[in-house]
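Before any comments, here is the structure.
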Amino acid sequence: MARICVYLGSREGNSPAFRQATNKLGRTLAERGHTLVYGGARIGLMGELANAALEAGGEAIGVMPDHLVEREQAHLGLSELIRVRNMHERKATMAANADAFIALPGGIGTFEELFEIWTWGYLGLHEKPMGLLNIDEFYSPLLTFLDSTVSHGFLASATRDMLLDAATPGELLDIVEAQL
């Protein structure tokens, strides 16, 4: 099956829906035979996702720079923890080990990872599916903004369409799997 890279927060957010959907995604990845690739933390939504995948019998691969191992509280119970030198190497390693990408709610790091991998797809550096899990409409304002960039002529509709989205883990995985 596929290795799915998930970008998401090292915080939990303020809605129980974030944690619930993250847990469901982790379990569903494992049940469908996919391997999780993510940032390697044991805290926040990141820890929730890895724990859910592992508890459901799946594999979880974390990628974390040495300087963040202690700061982000690395998950030491993963199938594999890949330690790298810096953030650039982290993102490249995650991308190289993934067949698809999903972003859940998160902060500036999640946004940066999402937009970089989307840009890489736009530039033809990969042809892997990318999607947003729009939990509790977290990404709805962003999706509206992206649609606005199309209508204002700054983004081609084909580029916008590269970024898939769905409200539930099952729906998003169905869409992503159809493109694998």
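Ligands are numbered from 1 in the order shown, chains are lettered A, B, ... in the order of the structure tokens, and residues start at 1 in each chain.
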
Item to check | Shell around Ala96 (chain A) at 10 Å using only C-alpha atoms, local window under 4 positions removed, as a list in words | outcome: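 After dropping sequence-adjacent residues, the list is Cys5, Arg90, Lys91, Ala92 and His126 of chain A.
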
Restricted to N, CA, C and O atoms, what would the selected residues look like written as an mmCIF file, in the first residue's frame?
data_model
loop_
_atom_site.group_PDB
_atom_site.id
_atom_site.type_symbol
_atom_site.label_atom_id
_atom_site.label_comp_id
_atom_site.auth_asym_id
_atom_site.auth_seq_id
_atom_site.Cartn_x
_atom_site.Cartn_y
_atom_site.Cartn_z
ATOM 1 N N CYS A 5 2.116 10.931 3.680
ATOM 2 C CA CYS A 5 2.725 11.964 4.514
ATOM 3 C C CYS A 5 1.632 12.898 5.009
ATOM 4 O O CYS A 5 0.840 13.404 4.209
ATOM 5 N N ARG A 90 14.450 17.566 6.575
ATOM 6 C CA ARG A 90 13.228 16.927 7.071
ATOM 7 C C ARG A 90 12.169 16.896 5.976
ATOM 8 O O ARG A 90 11.583 15.853 5.689
ATOM 9 N N LYS A 91 11.910 18.051 5.369
ATOM 10 C CA LYS A 91 10.870 18.129 4.341
ATOM 11 C C LYS A 91 11.225 17.273 3.132
ATOM 12 O O LYS A 91 10.360 16.580 2.586
ATOM 13 N N ALA A 92 12.475 17.297 2.725
ATOM 14 C CA ALA A 92 12.898 16.491 1.579
ATOM 15 C C ALA A 92 12.786 15.000 1.887
ATOM 16 O O ALA A 92 12.356 14.209 1.036
ATOM 17 N N HIS A 126 7.040 16.470 -8.556
ATOM 18 C CA HIS A 126 6.362 15.226 -8.192
ATOM 19 C C HIS A 126 4.960 15.260 -8.806
ATOM 20 O O HIS A 126 4.469 16.314 -9.193
#

Residue contacts of Arg27 (chain A) (12 Å, only C-alpha atoms) excluding same-chain residues fewer than 6 positions away, as a PyMOL selection string:
chain A and resi 20-21+33-36+48-60+169-170+173

Selection above as a file: C-alpha atoms, as a CSV table (one decimal), in the first residue's frame:
chain,number,residue,atom,x,y,z
A,20,GLN,CA,-11.4,13.0,16.9
A,21,ALA,CA,-10.8,13.3,13.1
A,33,GLY,CA,-2.7,-0.8,4.9
A,34,HIS,CA,-1.0,2.6,4.5
A,35,THR,CA,2.1,3.7,6.3
A,36,LEU,CA,2.1,7.1,8.0
A,48,GLU,CA,-2.6,11.6,18.4
A,49,LEU,CA,-2.2,10.6,14.7
A,50,ALA,CA,0.8,8.4,15.3
A,51,ASN,CA,-0.7,6.7,18.3
A,52,ALA,CA,-3.9,5.9,16.5
A,53,ALA,CA,-2.1,4.4,13.5
A,54,LEU,CA,0.2,2.3,15.7
A,55,GLU,CA,-2.7,1.2,18.0
A,56,ALA,CA,-4.6,0.0,14.9
A,57,GLY,CA,-1.6,-2.1,13.8
A,58,GLY,CA,-0.2,0.3,11.3
A,59,GLU,CA,3.3,1.6,10.7
A,60,ALA,CA,4.4,5.2,11.5
A,169,PRO,CA,-10.8,11.1,6.7
A,170,GLY,CA,-12.6,8.3,4.8
A,173,LEU,CA,-8.5,8.9,1.6

Practice item. Within region 2-179 of chain A, find each residue whose DSSP state, derived from the backbone, is helix (DSSP H, G or I), and express the selection as a PyMOL selection string. Key: chain A and resi 16-31+44-55+66-69+87-96+108-122+135-137+140-151+157-161+169-179

ask   = Tell me, which residues of chain A carry DSSP strand (DSSP E), written as an MDAnalysis selection string?
value = chainID A and resid 3:7 35:38 59:65 80:84 100:103 130:133 163:166

ask   = Hey, what's within 7 Å of Met64 (chain A) if we count only C-alpha atoms and toss same-chain stuff fewer than 4 positions away? As number ranges by chain, please?
value = A: 39-40, 68-69, 82-84, 90

Mind dumping the selected residues with C-alpha atoms as a PDB file, in the first residue's frame?
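Writing the result to again_7.pdb gives the following:
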ATOM      1  CA  GLY A  39       7.049  14.975  11.601  1.00  0.00           C
ATOM      2  CA  GLY A  40       7.830  12.560  14.430  1.00  0.00           C
ATOM      3  CA  LEU A  68      13.872  19.450  17.566  1.00  0.00           C
ATOM      4  CA  VAL A  69      14.015  15.931  18.953  1.00  0.00           C
ATOM      5  CA  ILE A  82      14.523   9.228  11.060  1.00  0.00           C
ATOM      6  CA  ARG A  83      16.763  11.918  12.525  1.00  0.00           C
ATOM      7  CA  VAL A  84      17.970  14.566  10.088  1.00  0.00           C
ATOM      8  CA  ARG A  90      13.228  16.927   7.071  1.00  0.00           C
TER       9      ARG A  90
END

Item checked: Nearest candidate to Glu12 (chain A) (options A:Asp147, A:Glu31, A:His88, A:Pro105; using only C-alpha atoms) ->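 Between A:Asp147, A:Glu31, A:His88, A:Pro105, the residue approaching Glu12 (chain A) most closely is A:Pro105.
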